[in-house]
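Participant: This structure is in C-alpha cells; I'll ask about it shortly.
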Protein chains: 2
Amino acid sequence: MTRTLYELQGQDDKRFSPFCWRTRMALAHKGLEATFEPVQFGQKNKIAFSDQKLVPVLCDGETVVTDSWAIACYLEDSYPDAASLFGGPVGQGLARHINFWVDMSVHPALARAIMADVHDNAVDAADQAYFRETRENRFGMTLEEFCTRSEADVSKLHNVLSPAIATLDAQPFLSGDAPAYADYILFGTVKWAAASTDRIVFPDDGPFGAWLVRMYDLFDGYARTSGAAAA
Amino acid sequence: MTRTLYELQGQDDKRFSPFCWRTRMALAHKGLEATFEPVQFGQKNKIAFSDQKLVPVLCDGETVVTDSWAIACYLEDSYPDAASLFGGPVGQGLARHINFWVDMSVHPALARAIMADVHDNAVDAADQAYFRETRENRFGMTLEEFCTRSEADVSKLHNVLSPAIATLDAQPFLSGDAPAYADYILFGTVKWAAASTDRIVFPDDGPFGAWLVRMYDLFDGYARTSGAAAA
C-alpha cells in the first residue's frame, strides 16, 4: 500500500508548516513509512483531489484524510496495534484542547514574533507575494508593522507558554513520562519558528529547552535530519 | 476509616475556593464520602497539623495530603477500582498541563474580572481585612483599582478561554465524551466566580454554557446543592 503525505514546501526545500510536522511526528510515532510530497502555496493543484486547499493531506492507500487533527485520529483508529498517540479517550480529549490551545493562543503570539521572518526565510520566493498579500489582508497592516521583531513580543509568547513550561518542569513531556501527540502539536510549532528565524523565540534553556532536546532526539534524531533543511 | 476535607469557608458558609472544588468533584467522581471541615483565612490553626497553610487538606484515615493536584493523584493511586480521574498516564500528564493552564492563564485573567467581588461577596467579614491587605500587596494597587469590573476584562478572560470553548464545541467535556479531572479543574474556577459575583463573567451560552449545565448536572446536581450557598 502506498502512503503519501502532501506537505508545505518553502525555501531550500524547507518543510516549515507546523501542521504538517504534527503529522510527520505522528507517522514516526506509529512507525509508519510514508512518501513526502512537497506542495508550495502556488501548487494547490497538486491537492485538488482532496477537494480543499490546505496541507497536510494524507493518502493512505485509497483513503484521503485532510486536517492534521483528523489525520491523527485516523492513524490512531487505523493502526491500533502501533504505539498510541493519545493513550485512550481521556488523553485524546485533552490532546484536542492542546490542539486548540496551540492554534488559538500560542500561534497568534508566535505570529507576532516571527511572521516577517517566515516571509523572508521560509516561504519560497515564488510564493512570497501571495503570502504577503494574504497575511497583510488578514492582519490589516504590513508584515513588518505586524512583526517588529521586538523582545516584548517574545516575552508575550513566553507568557502564553508558561503553563507548558511549568508542566515540563514537573514531568519530561506534556503527555507525561513519554511523548505522545500533544507533544507533537507543540513541537510542530517550534519547527515552524526554527525554519523561519535564527532568533531565540522559544526558550532554549530550562525545562522547555530540555524538552526540545528530548523531542529532537526522538526516532533517531528524526526532526534534526528529515524535512530537508527544516530545522 | 474517617475521611475529612478541610476547605475554605466564606460568607454565609460559602465554599468558594477553586482548588477545594477540584477535590470536592474528584471525591464525588470516585464515589468517596467525606466530611467537609470549614476553614476561614483566620483559622489556619485548624490545619497546622499539615505543616503548611493552604487548603485543601485531605485526611484519609491516617494519611494527610495537601495540594489539590497531589490529592487528585493520591485518590487515583489509592482507589484504582473507582472511576478514573485521568484515564491513564497520558490523560494524567495532559491534565497536569490543564492544571497549570487554569492556574497561570485563566486565574490571572479571572482575578482582574472578579477580585473585588471575591472580597465583597465571598470572603467572610472576619477575613476581609487580611484578604485585602495580602492581595493589595501582591497586586501593588487597591482591589478596586485592580478589578474595575469592566467589560474589557471579561473579554480578555473569554479570549484566554477560547481554546476550551472550541474544545467544548467539538466534544461534550474537556476530557472527551465523559467528564474527568481536567473538567473539575476548570469547573472549580467557575464555582469561585459563581460564589463571588452575579455578573456573567464566564460564558453562559454556547458550548461553554452547555458544558456548565452538564457539569452542574453531575452526581445528582452535586455542585448546585452542596458546599452550602456556594453556587
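How things are named: the first chain in the C-alpha cells is A, the next is B, and so on; residues count from 1 in each chain; ligands count from 1 in the order shown.
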Residues of chain A within 12 Å of chain B, counting only C-alpha atoms - could you list those as a ChimeraX atom specification?

Facilitator: /A:69,84-108,158-183

Participant: Let me see the file: selected residues, N, CA and C atoms, as a short mmCIF file (atom, residue, chain, number, x, y, z; two decimals), in the first residue's frame.

Facilitator:
data_model
loop_
_atom_site.label_atom_id
_atom_site.label_comp_id
_atom_site.auth_asym_id
_atom_site.auth_seq_id
_atom_site.Cartn_x
_atom_site.Cartn_y
_atom_site.Cartn_z
N TRP A 69 -5.52 17.27 12.74
CA TRP A 69 -6.18 16.59 13.86
C TRP A 69 -6.92 15.34 13.37
N SER A 84 0.35 4.14 20.77
CA SER A 84 -0.80 5.04 20.81
C SER A 84 -0.38 6.51 20.78
N LEU A 85 -1.11 7.31 20.04
CA LEU A 85 -0.88 8.76 20.01
C LEU A 85 -1.56 9.47 21.17
N PHE A 86 -2.56 8.84 21.76
CA PHE A 86 -3.40 9.52 22.75
C PHE A 86 -3.46 8.81 24.10
N GLY A 87 -3.17 7.52 24.14
CA GLY A 87 -3.24 6.80 25.41
C GLY A 87 -4.64 6.62 25.93
N GLY A 88 -5.63 6.62 25.04
CA GLY A 88 -7.02 6.39 25.47
C GLY A 88 -7.90 7.61 25.26
N PRO A 89 -9.19 7.45 25.54
CA PRO A 89 -10.16 8.52 25.24
C PRO A 89 -9.93 9.83 26.00
N VAL A 90 -9.53 9.74 27.29
CA VAL A 90 -9.29 10.98 28.04
C VAL A 90 -8.08 11.72 27.46
N GLY A 91 -7.03 10.97 27.17
CA GLY A 91 -5.85 11.57 26.56
C GLY A 91 -6.17 12.20 25.21
N GLN A 92 -7.06 11.56 24.46
CA GLN A 92 -7.45 12.12 23.16
C GLN A 92 -8.27 13.39 23.36
N GLY A 93 -9.19 13.36 24.31
CA GLY A 93 -9.98 14.57 24.59
C GLY A 93 -9.09 15.74 24.98
N LEU A 94 -8.14 15.49 25.88
CA LEU A 94 -7.27 16.57 26.36
C LEU A 94 -6.27 17.02 25.29
N ALA A 95 -5.85 16.09 24.43
CA ALA A 95 -4.97 16.48 23.32
C ALA A 95 -5.69 17.45 22.38
N ARG A 96 -6.99 17.27 22.26
CA ARG A 96 -7.75 18.20 21.42
C ARG A 96 -7.71 19.61 22.01
N HIS A 97 -7.77 19.69 23.33
CA HIS A 97 -7.64 21.01 23.97
C HIS A 97 -6.26 21.60 23.72
N ILE A 98 -5.23 20.78 23.81
CA ILE A 98 -3.88 21.26 23.50
C ILE A 98 -3.83 21.75 22.05
N ASN A 99 -4.47 21.02 21.16
CA ASN A 99 -4.50 21.41 19.75
C ASN A 99 -5.09 22.81 19.58
N PHE A 100 -6.22 23.06 20.24
CA PHE A 100 -6.85 24.38 20.15
C PHE A 100 -6.02 25.43 20.89
N TRP A 101 -5.42 25.04 22.01
CA TRP A 101 -4.59 26.00 22.76
C TRP A 101 -3.39 26.45 21.91
N VAL A 102 -2.75 25.52 21.24
CA VAL A 102 -1.62 25.90 20.39
C VAL A 102 -2.12 26.76 19.22
N ASP A 103 -3.22 26.35 18.58
CA ASP A 103 -3.72 27.10 17.42
C ASP A 103 -4.21 28.49 17.80
N MET A 104 -4.90 28.60 18.93
CA MET A 104 -5.63 29.84 19.25
C MET A 104 -4.90 30.74 20.23
N SER A 105 -3.96 30.21 21.00
CA SER A 105 -3.23 31.04 21.98
C SER A 105 -1.74 31.15 21.63
N VAL A 106 -1.09 30.01 21.32
CA VAL A 106 0.34 30.06 21.03
C VAL A 106 0.60 30.66 19.64
N HIS A 107 -0.14 30.21 18.63
CA HIS A 107 0.13 30.70 17.27
C HIS A 107 -0.04 32.21 17.11
N PRO A 108 -1.10 32.80 17.63
CA PRO A 108 -1.20 34.26 17.49
C PRO A 108 -0.02 34.99 18.14
N HIS A 158 6.36 33.92 25.64
CA HIS A 158 6.78 33.10 26.79
C HIS A 158 5.71 33.09 27.88
N ASN A 159 5.01 34.21 28.02
CA ASN A 159 3.91 34.26 28.99
C ASN A 159 2.80 33.28 28.59
N VAL A 160 2.47 33.25 27.32
CA VAL A 160 1.46 32.29 26.85
C VAL A 160 1.94 30.86 27.09
N LEU A 161 3.24 30.63 26.91
CA LEU A 161 3.81 29.28 27.05
C LEU A 161 3.99 28.86 28.51
N SER A 162 3.80 29.77 29.45
CA SER A 162 4.18 29.49 30.84
C SER A 162 3.53 28.22 31.40
N PRO A 163 2.28 27.89 31.06
CA PRO A 163 1.75 26.61 31.59
C PRO A 163 2.51 25.40 31.06
N ALA A 164 2.91 25.44 29.80
CA ALA A 164 3.68 24.32 29.25
C ALA A 164 5.06 24.23 29.91
N ILE A 165 5.67 25.38 30.15
CA ILE A 165 6.99 25.39 30.79
C ILE A 165 6.88 24.79 32.19
N ALA A 166 5.83 25.16 32.92
CA ALA A 166 5.63 24.61 34.27
C ALA A 166 5.38 23.11 34.21
N THR A 167 4.59 22.67 33.22
CA THR A 167 4.33 21.24 33.06
C THR A 167 5.62 20.48 32.80
N LEU A 168 6.47 21.05 31.93
CA LEU A 168 7.72 20.38 31.57
C LEU A 168 8.76 20.47 32.67
N ASP A 169 8.52 21.35 33.64
CA ASP A 169 9.37 21.37 34.83
C ASP A 169 8.96 20.25 35.79
N ALA A 170 7.72 19.78 35.64
CA ALA A 170 7.19 18.75 36.56
C ALA A 170 7.29 17.35 35.99
N GLN A 171 7.41 17.24 34.67
CA GLN A 171 7.43 15.91 34.02
C GLN A 171 8.15 16.06 32.68
N PRO A 172 8.67 14.95 32.11
CA PRO A 172 9.52 15.07 30.92
C PRO A 172 8.79 15.53 29.66
N PHE A 173 7.52 15.17 29.51
CA PHE A 173 6.77 15.52 28.29
C PHE A 173 5.40 16.08 28.68
N LEU A 174 4.77 16.83 27.79
CA LEU A 174 3.41 17.30 28.07
C LEU A 174 2.50 16.12 28.36
N SER A 175 2.76 15.00 27.69
CA SER A 175 1.92 13.81 27.82
C SER A 175 2.34 12.93 29.00
N GLY A 176 3.28 13.38 29.81
CA GLY A 176 3.70 12.62 30.98
C GLY A 176 5.13 12.12 30.87
N ASP A 177 5.33 10.84 31.13
CA ASP A 177 6.68 10.28 31.11
C ASP A 177 7.19 9.96 29.71
N ALA A 178 6.28 9.88 28.75
CA ALA A 178 6.67 9.54 27.37
C ALA A 178 5.95 10.48 26.42
N PRO A 179 6.53 10.72 25.24
CA PRO A 179 5.89 11.66 24.31
C PRO A 179 4.67 11.04 23.65
N ALA A 180 3.70 11.89 23.33
CA ALA A 180 2.54 11.47 22.56
C ALA A 180 2.08 12.66 21.72
N TYR A 181 0.92 12.54 21.13
CA TYR A 181 0.55 13.50 20.09
C TYR A 181 0.55 14.94 20.59
N ALA A 182 0.12 15.20 21.82
CA ALA A 182 0.11 16.57 22.33
C ALA A 182 1.50 17.20 22.25
N ASP A 183 2.53 16.41 22.50
CA ASP A 183 3.89 16.93 22.36
C ASP A 183 4.20 17.31 20.92
#

Participant: Sorted by chain and rising residue number, which residues of range 88-111 of chain B lie within 12 Å of range 200-205 of chain B, and what are their closest atom pairs and distances in Å to one decimal, counting only C-alpha atoms, as JSON lines?

Facilitator:
{"residue": "B:Val106", "atom": "CA", "partner": "B:Phe202", "partner_atom": "CA", "distance": 10.9}
{"residue": "B:Ala109", "atom": "CA", "partner": "B:Val201", "partner_atom": "CA", "distance": 10.6}
{"residue": "B:Leu110", "atom": "CA", "partner": "B:Val201", "partner_atom": "CA", "distance": 8.1}
{"residue": "B:Ala111", "atom": "CA", "partner": "B:Val201", "partner_atom": "CA", "distance": 10.8}

Participant: Taking into account only C-alpha atoms, which residue in the set B:Met115, B:Asp120, B:Ile71, B:Phe131 is nearest to Phe146 in chain B?

Facilitator: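 When distances to Phe146 in chain B are compared using only C-alpha atoms, the smallest one comes from B:Met115.
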
Participant: Go through B:Asp198, B:Glu76, B:Glu133, B:Asp124 and flag the residue nearest His29 in chain B, using only C-alpha atoms for the distances.

Facilitator: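 Result for the nearest residue to His29 in chain B: B:Glu76.
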
Participant: Provide the CA of Val57 in chain B to CA of Arg112 in chain B distance in Å, to one decimal place.

Facilitator: 27.1 Å

Participant: When DSSP works through the backbone of this structure, what residues of chain B end up as strand (DSSP E or B), shown as an MDAnalysis selection string?

Facilitator: chainID B and resid 3:8 35:39 57:60 63:66 173 176

Participant: Rounded to one decimal, what separation in Å do you get between CA of Glu7 in chain B and CA of Ile114 in chain B?

Facilitator: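 Between CA of Glu7 in chain B and CA of Ile114 in chain B the gap works out to 20.5 Å.
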
Participant: Which residues, written as a PyMOL selection string, have at least one atom at most 6 Å from range 60-63 of chain A, with only C-alpha atoms counted and residues fewer than 5 positions away on the same chain left out?

Facilitator: chain A and resi 1-3

Participant: Excluding range 44-51 of chain B and any residue of its chain fewer than 4 positions from it, enumerate the residues within 9 Å of it, using only C-alpha atoms, and give them as an mmCIF file with C-alpha atoms, in the first residue's frame.

Facilitator:
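Result went into around_11.cif, see below:
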data_model
loop_
_atom_site.group_PDB
_atom_site.id
_atom_site.type_symbol
_atom_site.label_atom_id
_atom_site.label_comp_id
_atom_site.auth_asym_id
_atom_site.auth_seq_id
_atom_site.Cartn_x
_atom_site.Cartn_y
_atom_site.Cartn_z
ATOM 1 C CA TYR B 6 -10.502 20.836 55.087
ATOM 2 C CA VAL B 39 -11.535 26.751 57.483
ATOM 3 C CA GLN B 40 -11.554 30.530 57.297
ATOM 4 C CA VAL B 55 -6.385 24.280 51.804
ATOM 5 C CA VAL B 57 -6.059 19.330 53.046
ATOM 6 C CA VAL B 64 -2.571 13.612 55.237
ATOM 7 C CA VAL B 65 -2.323 15.010 51.694
ATOM 8 C CA THR B 66 -2.033 18.682 50.776
#
